[in-house]
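**Q** Sending over input-v6.pdb (PDB, C-alpha atoms).
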```
ATOM      1  CA  MET A1118       6.575  21.024 -14.419
ATOM      2  CA  THR A1119       9.880  22.060 -12.925
ATOM      3  CA  ASP A1120      11.959  19.707 -10.842
ATOM      4  CA  ALA A1121      11.286  21.631  -7.639
ATOM      5  CA  VAL A1122       7.522  21.623  -8.158
ATOM      6  CA  ARG A1123       7.546  17.929  -9.075
ATOM      7  CA  ASP A1124       9.522  17.088  -5.943
ATOM      8  CA  VAL A1125       7.139  19.088  -3.746
ATOM      9  CA  VAL A1126       4.106  17.388  -5.308
ATOM     10  CA  ALA A1127       5.689  13.951  -4.874
ATOM     11  CA  LEU A1128       6.526  14.786  -1.257
ATOM     12  CA  GLY A1129       2.925  15.902  -0.730
ATOM     13  CA  VAL A1130       1.679  12.590  -2.113
ATOM     14  CA  VAL A1131       4.003  10.703   0.254
ATOM     15  CA  ALA A1132       2.785  12.792   3.216
ATOM     16  CA  ALA A1133      -0.833  12.187   2.202
ATOM     17  CA  GLY A1134      -0.084   8.480   1.982
ATOM     18  CA  LEU A1135       1.422   8.418   5.463
ATOM     19  CA  LEU A1136      -1.517  10.272   6.966
ATOM     20  CA  SER A1137      -4.235   8.398   5.127
ATOM     21  CA  GLY A1138      -2.537   5.034   5.685
ATOM     22  CA  ALA A1139      -2.447   5.717   9.411
ATOM     23  CA  ALA A1140      -6.084   6.846   9.339
ATOM     24  CA  VAL A1141      -7.176   3.709   7.475
ATOM     25  CA  ALA A1142      -5.269   1.517   9.930
ATOM     26  CA  LEU A1143      -6.838   3.270  12.929
ATOM     27  CA  VAL A1144     -10.392   3.433  11.600
ATOM     28  CA  THR A1145     -10.542  -0.130  10.298
ATOM     29  CA  ARG A1146      -8.299  -1.522  13.054
ATOM     30  CA  ALA A1147      -6.497  -3.362  10.271
ATOM     31  CA  PRO A1148      -2.858  -2.276   9.995
ATOM     32  CA  LEU A1149      -2.472  -4.363   6.847
ATOM     33  CA  ALA A1150      -5.114  -2.275   5.070
ATOM     34  CA  GLY A1151      -3.295   0.890   6.118
ATOM     35  CA  LEU A1152      -0.032  -0.493   4.768
ATOM     36  CA  GLN A1153      -1.626  -1.304   1.425
ATOM     37  CA  TRP A1154      -3.051   2.220   1.266
ATOM     38  CA  LEU A1155       0.383   3.709   2.030
ATOM     39  CA  LEU A1156       2.071   1.582  -0.635
ATOM     40  CA  ASP A1157      -0.423   2.796  -3.241
ATOM     41  CA  PHE A1158       0.454   6.407  -2.435
ATOM     42  CA  LEU A1159       4.178   5.637  -2.572
ATOM     43  CA  LEU A1160       3.627   4.070  -5.986
ATOM     44  CA  ALA A1161       1.812   7.219  -7.120
ATOM     45  CA  ALA A1162       4.675   9.420  -5.916
ATOM     46  CA  GLY A1163       7.206   7.218  -7.710
ATOM     47  CA  LEU A1164       5.209   7.367 -10.918
ATOM     48  CA  LEU A1165       4.990  11.164 -10.676
ATOM     49  CA  ARG A1166       8.757  11.365 -10.471
ATOM     50  CA  LEU A1167       9.213   8.803 -13.242
ATOM     51  CA  GLY A1168       6.853  10.589 -15.597
ATOM     52  CA  ALA A1169       8.716  13.852 -15.222
ATOM     53  CA  THR A1170      12.302  12.653 -15.535
ATOM     54  CA  GLY A1171      12.428   9.259 -17.191
ATOM     55  CA  THR A1172      15.943   8.655 -15.846
ATOM     56  CA  PRO A1173      17.111   5.117 -15.097
ATOM     57  CA  THR A1174      17.207   5.925 -11.378
ATOM     58  CA  ALA A1175      13.575   7.063 -11.388
ATOM     59  CA  LEU A1176      12.587   3.991 -13.398
ATOM     60  CA  ALA A1177      14.390   1.693 -10.940
ATOM     61  CA  THR A1178      12.725   3.439  -7.999
ATOM     62  CA  ALA A1179       9.253   3.050  -9.487
ATOM     63  CA  ALA A1180       9.948  -0.592 -10.380
ATOM     64  CA  ALA A1181      11.153  -1.276  -6.836
ATOM     65  CA  ILE A1182       8.012   0.296  -5.382
ATOM     66  CA  VAL A1183       5.821  -1.806  -7.668
ATOM     67  CA  ALA A1184       7.733  -4.957  -6.690
ATOM     68  CA  VAL A1185       7.459  -4.186  -2.979
ATOM     69  CA  ARG A1186       3.745  -3.462  -3.394
ATOM     70  CA  GLN A1187       3.146  -6.764  -5.158
ATOM     71  CA  VAL A1188       5.206  -8.848  -2.724
ATOM     72  CA  ALA A1189       3.666  -7.125   0.305
ATOM     73  CA  GLY A1190       0.167  -7.605  -1.087
ATOM     74  CA  LEU A1191       0.794 -11.295  -1.674
ATOM     75  CA  GLY A1192       2.225 -11.716   1.811
ATOM     76  CA  LEU A1193      -0.678  -9.857   3.375
ATOM     77  CA  ARG A1194      -3.232 -11.987   1.537
ATOM     78  CA  ARG A1195      -1.492 -15.191   2.619
ATOM     79  CA  ALA A1196      -1.207 -13.994   6.213
ATOM     80  CA  ARG A1197      -4.876 -13.045   6.272
ATOM     81  CA  ALA A1198      -5.836 -16.474   4.924
ATOM     82  CA  ALA A1199      -3.601 -18.237   7.457
ATOM     83  CA  LEU A1200      -5.037 -16.240  10.354
ATOM     84  CA  ALA A1201      -8.647 -16.704   9.292
ATOM     85  CA  VAL A1202     -10.587 -18.604  11.904
ATOM     86  CA  PRO A1203     -13.246 -20.885  10.477
ATOM     87  CA  ALA A1204     -16.771 -20.402  11.737
ATOM     88  CA  PRO A1205     -17.766 -22.854  14.433
ATOM     89  CA  GLU A1206     -19.990 -25.742  13.426
ATOM     90  CA  PRO A1207     -23.588 -25.357  14.547
ATOM     91  CA  PRO A1208     -24.659 -27.869  17.159
ATOM     92  CA  ALA A1209     -26.367 -30.991  15.876
ATOM     93  CA  PRO A1210     -30.122 -31.020  16.428
ATOM     94  CA  SER A1211     -31.165 -33.145  19.359
ATOM     95  CA  PRO A1212     -33.520 -36.035  18.538
TER      96      PRO A1212
END
```
Please express what this file holds, its structure, as structure tokens.
**A**
Amino acid sequence: MTDAVRDVVALGVVAAGLLSGAAVALVTRAPLAGLQWLLDFLLAAGLLRLGATGTPTALATAAAIVAVRQVAGLGLRRARAALAVPAPEPPAPSP
């Protein structure tokens, strides 16, 4: 795969990630889910570039995307747990 083709494919994956991430966020009304979806596509684009070149810059870019994905996922899980509202207690039966 030539560099130009690889770059176009990676750009297409990024564009697909932006569009599908926005769609997931709108459909589920959960922006955090859309962000996770987008980060997965960005990871895929980084891995496409890494697989083709293998340069230290491409490796650092892919590693940075993986790190951001992991940190963002952890933060999103903690935020979701902190925002979770416990279910109300059922009323006690009257005697």
**Q** Which polymer residues have any atom within 9 Å of an atom of A:Arg1166, counting all atoms listed in the file, with same-chain residues fewer than 2 positions away left out, as a list in words?
**A** Asp1120, Arg1123, Asp1124, Ala1127, Ala1161, Ala1162, Gly1163, Leu1164, Gly1168, Ala1169, Thr1170, Gly1171, Ala1175, Leu1176 and Ala1179 of chain A
**Q** Calculated over all atoms listed in the file, which of the candidates A:Leu1165, A:Phe1158, A:Ala1142, A:Gly1151 has the smallest distance to A:Val1122?
**A** A:Leu1165
**Q** Of the candidates A:Leu1167, A:Thr1172, A:Ser1211, A:Leu1149, which shows the shortest atom-to-atom distance to A:Gly1192, using all atoms listed in the file?
**A**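 Smallest distance to A:Gly1192 is found for A:Leu1149.
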**Q** Nearest residue to A:Leu1159 out of A:Ala1189, A:Gly1138, A:Val1130, A:Ala1201, using all atoms listed in the file?
**A** A:Val1130
**Q** So how far away is atom CA of A:Leu1152 from atom CA of A:Ala1139, in Å?
**A**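 Going from atom CA of A:Ala1139 over to atom CA of A:Leu1152, I get 8.1 Å.
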**Q** Skipping near chain neighbours, those fewer than 4 positions away, what residues fall within 12 Å of A:Ala1184 using all atoms listed in the file, listed as a PyMOL selection string?
**A** chain A and resi 1156-1157+1159-1160+1177-1180+1188-1191
**Q** For the atom pair atom CA of A:Arg1197 and atom CA of A:Val1185, what is the interatomic distance in Å to one decimal place?
**A**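 Atom CA of A:Arg1197 sits 17.8 Å away from atom CA of A:Val1185.
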**Q** One decimal, Å: what's the distance from atom CA of A:Gln1187 over to atom CA of A:Ala1132, could you say?
**A**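 Result for atom CA of A:Gln1187 versus atom CA of A:Ala1132: 21.3 Å, one decimal.
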**Q** If I only want stretch 1137-1171 of chain A, can you write it with N, CA and C atoms, as a PDB file, in the first residue's frame?
**A**
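Resulting contents of decode-v6.pdb:
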```pdb
ATOM      1  N   SER A1137     -19.685   8.345  13.037  1.00  0.00           N
ATOM      2  CA  SER A1137     -20.344   7.308  13.823  1.00  0.00           C
ATOM      3  C   SER A1137     -20.337   7.648  15.311  1.00  0.00           C
ATOM      4  N   GLY A1138     -19.285   8.298  15.790  1.00  0.00           N
ATOM      5  CA  GLY A1138     -19.268   8.730  17.189  1.00  0.00           C
ATOM      6  C   GLY A1138     -20.374   9.726  17.475  1.00  0.00           C
ATOM      7  N   ALA A1139     -20.570  10.662  16.552  1.00  0.00           N
ATOM      8  CA  ALA A1139     -21.660  11.629  16.710  1.00  0.00           C
ATOM      9  C   ALA A1139     -23.014  10.929  16.650  1.00  0.00           C
ATOM     10  N   ALA A1140     -23.156   9.966  15.742  1.00  0.00           N
ATOM     11  CA  ALA A1140     -24.417   9.235  15.628  1.00  0.00           C
ATOM     12  C   ALA A1140     -24.709   8.440  16.898  1.00  0.00           C
ATOM     13  N   VAL A1141     -23.696   7.771  17.434  1.00  0.00           N
ATOM     14  CA  VAL A1141     -23.885   7.009  18.673  1.00  0.00           C
ATOM     15  C   VAL A1141     -24.287   7.942  19.808  1.00  0.00           C
ATOM     16  N   ALA A1142     -23.621   9.084  19.905  1.00  0.00           N
ATOM     17  CA  ALA A1142     -23.941  10.041  20.970  1.00  0.00           C
ATOM     18  C   ALA A1142     -25.369  10.557  20.839  1.00  0.00           C
ATOM     19  N   LEU A1143     -25.809  10.821  19.612  1.00  0.00           N
ATOM     20  CA  LEU A1143     -27.164  11.341  19.404  1.00  0.00           C
ATOM     21  C   LEU A1143     -28.226  10.271  19.626  1.00  0.00           C
ATOM     22  N   VAL A1144     -27.992   9.079  19.113  1.00  0.00           N
ATOM     23  CA  VAL A1144     -28.995   8.019  19.218  1.00  0.00           C
ATOM     24  C   VAL A1144     -29.145   7.537  20.658  1.00  0.00           C
ATOM     25  N   THR A1145     -28.033   7.342  21.336  1.00  0.00           N
ATOM     26  CA  THR A1145     -28.096   6.821  22.706  1.00  0.00           C
ATOM     27  C   THR A1145     -28.257   7.922  23.741  1.00  0.00           C
ATOM     28  N   ARG A1146     -28.101   9.174  23.304  1.00  0.00           N
ATOM     29  CA  ARG A1146     -28.130  10.325  24.216  1.00  0.00           C
ATOM     30  C   ARG A1146     -27.085  10.172  25.320  1.00  0.00           C
ATOM     31  N   ALA A1147     -25.987   9.542  24.954  1.00  0.00           N
ATOM     32  CA  ALA A1147     -24.868   9.338  25.876  1.00  0.00           C
ATOM     33  C   ALA A1147     -23.589   9.796  25.178  1.00  0.00           C
ATOM     34  N   PRO A1148     -23.183  11.049  25.397  1.00  0.00           N
ATOM     35  CA  PRO A1148     -21.984  11.542  24.728  1.00  0.00           C
ATOM     36  C   PRO A1148     -20.736  10.736  25.074  1.00  0.00           C
ATOM     37  N   LEU A1149     -20.705  10.141  26.249  1.00  0.00           N
ATOM     38  CA  LEU A1149     -19.543   9.346  26.633  1.00  0.00           C
ATOM     39  C   LEU A1149     -19.405   8.107  25.749  1.00  0.00           C
ATOM     40  N   ALA A1150     -20.521   7.504  25.388  1.00  0.00           N
ATOM     41  CA  ALA A1150     -20.480   6.344  24.488  1.00  0.00           C
ATOM     42  C   ALA A1150     -19.977   6.762  23.112  1.00  0.00           C
ATOM     43  N   GLY A1151     -20.407   7.929  22.644  1.00  0.00           N
ATOM     44  CA  GLY A1151     -19.933   8.428  21.360  1.00  0.00           C
ATOM     45  C   GLY A1151     -18.441   8.705  21.374  1.00  0.00           C
ATOM     46  N   LEU A1152     -17.954   9.230  22.493  1.00  0.00           N
ATOM     47  CA  LEU A1152     -16.519   9.493  22.622  1.00  0.00           C
ATOM     48  C   LEU A1152     -15.715   8.197  22.604  1.00  0.00           C
ATOM     49  N   GLN A1153     -16.204   7.190  23.287  1.00  0.00           N
ATOM     50  CA  GLN A1153     -15.509   5.898  23.272  1.00  0.00           C
ATOM     51  C   GLN A1153     -15.480   5.323  21.859  1.00  0.00           C
ATOM     52  N   TRP A1154     -16.570   5.450  21.144  1.00  0.00           N
ATOM     53  CA  TRP A1154     -16.646   4.961  19.763  1.00  0.00           C
ATOM     54  C   TRP A1154     -15.622   5.691  18.892  1.00  0.00           C
ATOM     55  N   LEU A1155     -15.566   7.026  19.034  1.00  0.00           N
ATOM     56  CA  LEU A1155     -14.614   7.831  18.271  1.00  0.00           C
ATOM     57  C   LEU A1155     -13.180   7.418  18.583  1.00  0.00           C
ATOM     58  N   LEU A1156     -12.860   7.227  19.854  1.00  0.00           N
ATOM     59  CA  LEU A1156     -11.501   6.849  20.227  1.00  0.00           C
ATOM     60  C   LEU A1156     -11.102   5.488  19.651  1.00  0.00           C
ATOM     61  N   ASP A1157     -12.047   4.576  19.532  1.00  0.00           N
ATOM     62  CA  ASP A1157     -11.745   3.288  18.906  1.00  0.00           C
ATOM     63  C   ASP A1157     -11.382   3.461  17.436  1.00  0.00           C
ATOM     64  N   PHE A1158     -12.091   4.338  16.743  1.00  0.00           N
ATOM     65  CA  PHE A1158     -11.773   4.588  15.333  1.00  0.00           C
ATOM     66  C   PHE A1158     -10.418   5.293  15.194  1.00  0.00           C
ATOM     67  N   LEU A1159     -10.129   6.233  16.095  1.00  0.00           N
ATOM     68  CA  LEU A1159      -8.829   6.893  16.043  1.00  0.00           C
ATOM     69  C   LEU A1159      -7.710   5.893  16.292  1.00  0.00           C
ATOM     70  N   LEU A1160      -7.931   4.958  17.193  1.00  0.00           N
ATOM     71  CA  LEU A1160      -6.949   3.900  17.429  1.00  0.00           C
ATOM     72  C   LEU A1160      -6.745   3.068  16.162  1.00  0.00           C
ATOM     73  N   ALA A1161      -7.838   2.737  15.486  1.00  0.00           N
ATOM     74  CA  ALA A1161      -7.728   1.959  14.247  1.00  0.00           C
ATOM     75  C   ALA A1161      -6.937   2.714  13.188  1.00  0.00           C
ATOM     76  N   ALA A1162      -7.184   4.013  13.060  1.00  0.00           N
ATOM     77  CA  ALA A1162      -6.448   4.811  12.076  1.00  0.00           C
ATOM     78  C   ALA A1162      -4.968   4.867  12.430  1.00  0.00           C
ATOM     79  N   GLY A1163      -4.663   5.020  13.713  1.00  0.00           N
ATOM     80  CA  GLY A1163      -3.261   5.037  14.143  1.00  0.00           C
ATOM     81  C   GLY A1163      -2.571   3.716  13.875  1.00  0.00           C
ATOM     82  N   LEU A1164      -3.271   2.623  14.101  1.00  0.00           N
ATOM     83  CA  LEU A1164      -2.688   1.311  13.845  1.00  0.00           C
ATOM     84  C   LEU A1164      -2.490   1.063  12.351  1.00  0.00           C
ATOM     85  N   LEU A1165      -3.384   1.583  11.522  1.00  0.00           N
ATOM     86  CA  LEU A1165      -3.186   1.474  10.071  1.00  0.00           C
ATOM     87  C   LEU A1165      -1.891   2.169   9.653  1.00  0.00           C
ATOM     88  N   ARG A1166      -1.694   3.354  10.174  1.00  0.00           N
ATOM     89  CA  ARG A1166      -0.478   4.098   9.830  1.00  0.00           C
ATOM     90  C   ARG A1166       0.758   3.406  10.400  1.00  0.00           C
ATOM     91  N   LEU A1167       0.658   2.888  11.606  1.00  0.00           N
ATOM     92  CA  LEU A1167       1.792   2.216  12.230  1.00  0.00           C
ATOM     93  C   LEU A1167       2.179   0.957  11.457  1.00  0.00           C
ATOM     94  N   GLY A1168       1.178   0.188  11.068  1.00  0.00           N
ATOM     95  CA  GLY A1168       1.458  -1.049  10.351  1.00  0.00           C
ATOM     96  C   GLY A1168       2.147  -0.829   9.022  1.00  0.00           C
ATOM     97  N   ALA A1169       1.894   0.289   8.391  1.00  0.00           N
ATOM     98  CA  ALA A1169       2.473   0.558   7.088  1.00  0.00           C
ATOM     99  C   ALA A1169       3.882   1.133   7.172  1.00  0.00           C
ATOM    100  N   THR A1170       4.151   1.950   8.178  1.00  0.00           N
ATOM    101  CA  THR A1170       5.447   2.626   8.219  1.00  0.00           C
ATOM    102  C   THR A1170       6.392   2.030   9.248  1.00  0.00           C
ATOM    103  N   GLY A1171       5.913   1.871  10.471  1.00  0.00           N
ATOM    104  CA  GLY A1171       6.778   1.345  11.515  1.00  0.00           C
ATOM    105  C   GLY A1171       7.819   2.343  12.002  1.00  0.00           C
TER     106      GLY A1171
END
```
